[in-house]
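Below is my_file-v2.cif, holding mmCIF, C-alpha atoms.
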data_target
#
loop_
_atom_site.group_PDB
_atom_site.id
_atom_site.type_symbol
_atom_site.label_atom_id
_atom_site.label_comp_id
_atom_site.auth_asym_id
_atom_site.auth_seq_id
_atom_site.Cartn_x
_atom_site.Cartn_y
_atom_site.Cartn_z
ATOM 1 C CA MET A 1 124.829 87.758 115.735
ATOM 2 C CA SER A 2 127.287 86.727 113.078
ATOM 3 C CA THR A 3 130.550 84.880 113.334
ATOM 4 C CA THR A 4 133.557 84.775 111.047
ATOM 5 C CA SER A 5 136.186 82.079 110.940
ATOM 6 C CA LEU A 6 138.402 80.582 108.284
ATOM 7 C CA ALA A 7 135.322 78.674 107.145
ATOM 8 C CA GLY A 8 133.236 81.790 106.443
ATOM 9 C CA ALA A 9 130.528 84.019 107.901
ATOM 10 C CA VAL A 10 127.279 82.772 109.405
ATOM 11 C CA LEU A 11 124.159 84.512 110.706
ATOM 12 C CA ASP A 12 121.777 83.310 113.373
ATOM 13 C CA VAL A 13 118.373 82.250 112.085
ATOM 14 C CA TRP A 14 115.857 84.672 113.595
ATOM 15 C CA PRO A 15 112.992 84.548 114.233
ATOM 16 C CA ASP A 16 113.578 80.876 114.782
ATOM 17 C CA THR A 17 110.264 79.459 116.046
ATOM 18 C CA GLN A 18 109.406 77.511 112.893
ATOM 19 C CA ALA A 19 113.008 76.468 112.225
ATOM 20 C CA VAL A 20 113.413 75.154 115.788
ATOM 21 C CA ALA A 21 110.133 73.234 115.488
ATOM 22 C CA LEU A 22 111.350 71.652 112.250
ATOM 23 C CA GLN A 23 114.716 70.828 113.818
ATOM 24 C CA GLN A 24 112.971 69.134 116.765
ATOM 25 C CA ARG A 25 110.757 67.054 114.446
ATOM 26 C CA VAL A 26 113.771 65.909 112.451
ATOM 27 C CA ARG A 27 115.704 65.052 115.613
ATOM 28 C CA THR A 28 112.715 63.075 116.943
ATOM 29 C CA ALA A 29 112.592 61.104 113.696
ATOM 30 C CA ILE A 30 116.331 60.414 113.852
ATOM 31 C CA ARG A 31 116.068 59.172 117.433
ATOM 32 C CA ALA A 32 113.100 56.971 116.526
ATOM 33 C CA THR A 33 114.905 55.339 113.616
ATOM 34 C CA ARG A 34 118.562 55.398 114.668
ATOM 35 C CA GLY A 35 118.484 55.656 118.481
ATOM 36 C CA ASP A 36 119.788 58.318 120.864
ATOM 37 C CA GLY A 37 123.388 57.565 119.911
ATOM 38 C CA ALA A 38 122.810 59.035 116.450
ATOM 39 C CA LEU A 39 122.608 62.542 117.956
ATOM 40 C CA LEU A 40 125.762 63.352 119.862
ATOM 41 C CA HIS A 41 125.160 67.102 120.278
ATOM 42 C CA ASP A 42 122.189 69.468 120.515
ATOM 43 C CA GLY A 43 122.841 71.138 117.168
ATOM 44 C CA GLY A 44 123.673 74.509 118.694
ATOM 45 C CA ARG A 45 122.141 77.787 117.693
ATOM 46 C CA LEU A 46 120.474 77.690 114.287
ATOM 47 C CA HIS A 47 122.410 79.587 111.655
ATOM 48 C CA MET A 48 122.879 80.006 107.941
ATOM 49 C CA SER A 49 126.113 80.414 106.059
ATOM 50 C CA LEU A 50 126.645 83.658 104.179
ATOM 51 C CA GLY A 51 129.714 82.465 102.362
ATOM 52 C CA TYR A 52 133.067 80.837 102.788
ATOM 53 C CA SER A 53 136.600 82.132 102.746
ATOM 54 C CA TYR A 54 140.185 80.982 102.765
ATOM 55 C CA ALA A 55 141.430 83.643 105.188
ATOM 56 C CA ALA A 56 140.200 85.426 108.306
ATOM 57 C CA ALA A 57 138.658 88.880 107.908
ATOM 58 C CA ASN A 58 137.032 91.555 110.052
ATOM 59 C CA SER A 59 133.327 90.745 110.342
ATOM 60 C CA ASP A 60 132.421 93.700 112.574
ATOM 61 C CA PRO A 61 130.601 95.663 109.819
ATOM 62 C CA LEU A 62 128.517 92.587 108.986
ATOM 63 C CA LYS A 63 127.759 91.850 112.628
ATOM 64 C CA GLU A 64 126.745 95.449 113.312
ATOM 65 C CA ARG A 65 124.376 95.532 110.341
ATOM 66 C CA ALA A 66 122.847 92.187 111.290
ATOM 67 C CA GLU A 67 122.272 93.333 114.876
ATOM 68 C CA ARG A 68 120.584 96.549 113.659
ATOM 69 C CA GLU A 69 118.290 94.513 111.388
ATOM 70 C CA ARG A 70 117.444 92.074 114.155
ATOM 71 C CA ALA A 71 116.690 94.888 116.613
ATOM 72 C CA ALA A 72 114.453 96.612 114.047
ATOM 73 C CA GLU A 73 112.465 93.396 113.491
ATOM 74 C CA ALA A 74 112.048 92.855 117.229
ATOM 75 C CA ALA A 75 110.747 96.393 117.791
#
Go through the file and emit its structure as structure tokens.
Amino acid sequence: MSTTSLAGAVLDVWPDTQAVALQQRVRTAIRATRGDGALLHDGGRLHMSLGYSYAAANSDPLKERAERERAAEAA
């Protein structure tokens, strides 16, 4: 899945097993050194930025292509 906003387009990180494991290790280290208050949200779904923009645009073609690629990898 991709999302477009005034900030830009992002794609989900998939497959995400290793990235999620890394994220959890980093969050554990942050909690150990800075306490639970240092993490005020769960981080959400992992994603990567494709680029940034100054105006909104139709991201449907990008989303459709990304979904096709993801489905092909899962098959």
Which one is closest to Ala74 of chain A: A:Ala21, A:Pro15, A:His41, A:Ser49? Count only C-alpha atoms.
->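 Of the candidates, the smallest distance to Ala74 of chain A is held by A:Pro15.
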Have a look at atom CA of Lys63 of chain A and atom CA of Leu11 of chain A and let me know their distance in Å, one decimal.
-> 8.4 Å
Check which residues satisfy the PyMOL selection byres ((chain A and resi 13) around 8) in the file shown, then give them as a PyMOL selection string.
-> chain A and resi 11-12+14-16+19+46-48
Convert the current residue selection to file output with C-alpha atoms, as a PDB file, in the coordinates of the input.
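Output contents, as saved in again_26.pdb:
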ATOM      1  CA  LEU A  11     124.159  84.512 110.706  1.00  0.00           C
ATOM      2  CA  ASP A  12     121.777  83.310 113.373  1.00  0.00           C
ATOM      3  CA  TRP A  14     115.857  84.672 113.595  1.00  0.00           C
ATOM      4  CA  PRO A  15     112.992  84.548 114.233  1.00  0.00           C
ATOM      5  CA  ASP A  16     113.578  80.876 114.782  1.00  0.00           C
ATOM      6  CA  ALA A  19     113.008  76.468 112.225  1.00  0.00           C
ATOM      7  CA  LEU A  46     120.474  77.690 114.287  1.00  0.00           C
ATOM      8  CA  HIS A  47     122.410  79.587 111.655  1.00  0.00           C
ATOM      9  CA  MET A  48     122.879  80.006 107.941  1.00  0.00           C
TER      10      MET A  48
END
How many Å lie between atom CA of Val26 of chain A and atom CA of Asp42 of chain A, rounded to one decimal?
-> 12.2 Å
Atom CA of Arg68 of chain A and atom CA of Ala56 of chain A are how many Å apart?
->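 So the answer is 23.2 Å.
If you measure from each of A:Glu73, A:Arg45, A:Asp60, A:Ala55 to Gln23 of chain A using all atoms listed in the file, the closest one turns out to be A:Arg45.
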Taking the file as shown, what set of residues would the PyMOL selection byres ((chain A and resi 27) around 12) give back, as a list in words?
->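 For this structure, the PyMOL selection byres ((chain A and resi 27) around 12) resolves to Val20, Ala21, Leu22, Gln23, Gln24, Arg25, Val26, Thr28, Ala29, Ile30, Arg31, Ala32, Thr33, Arg34, Gly35, Asp36, Gly37, Ala38, Leu39, Leu40, His41, Asp42 and Gly43 of chain A.
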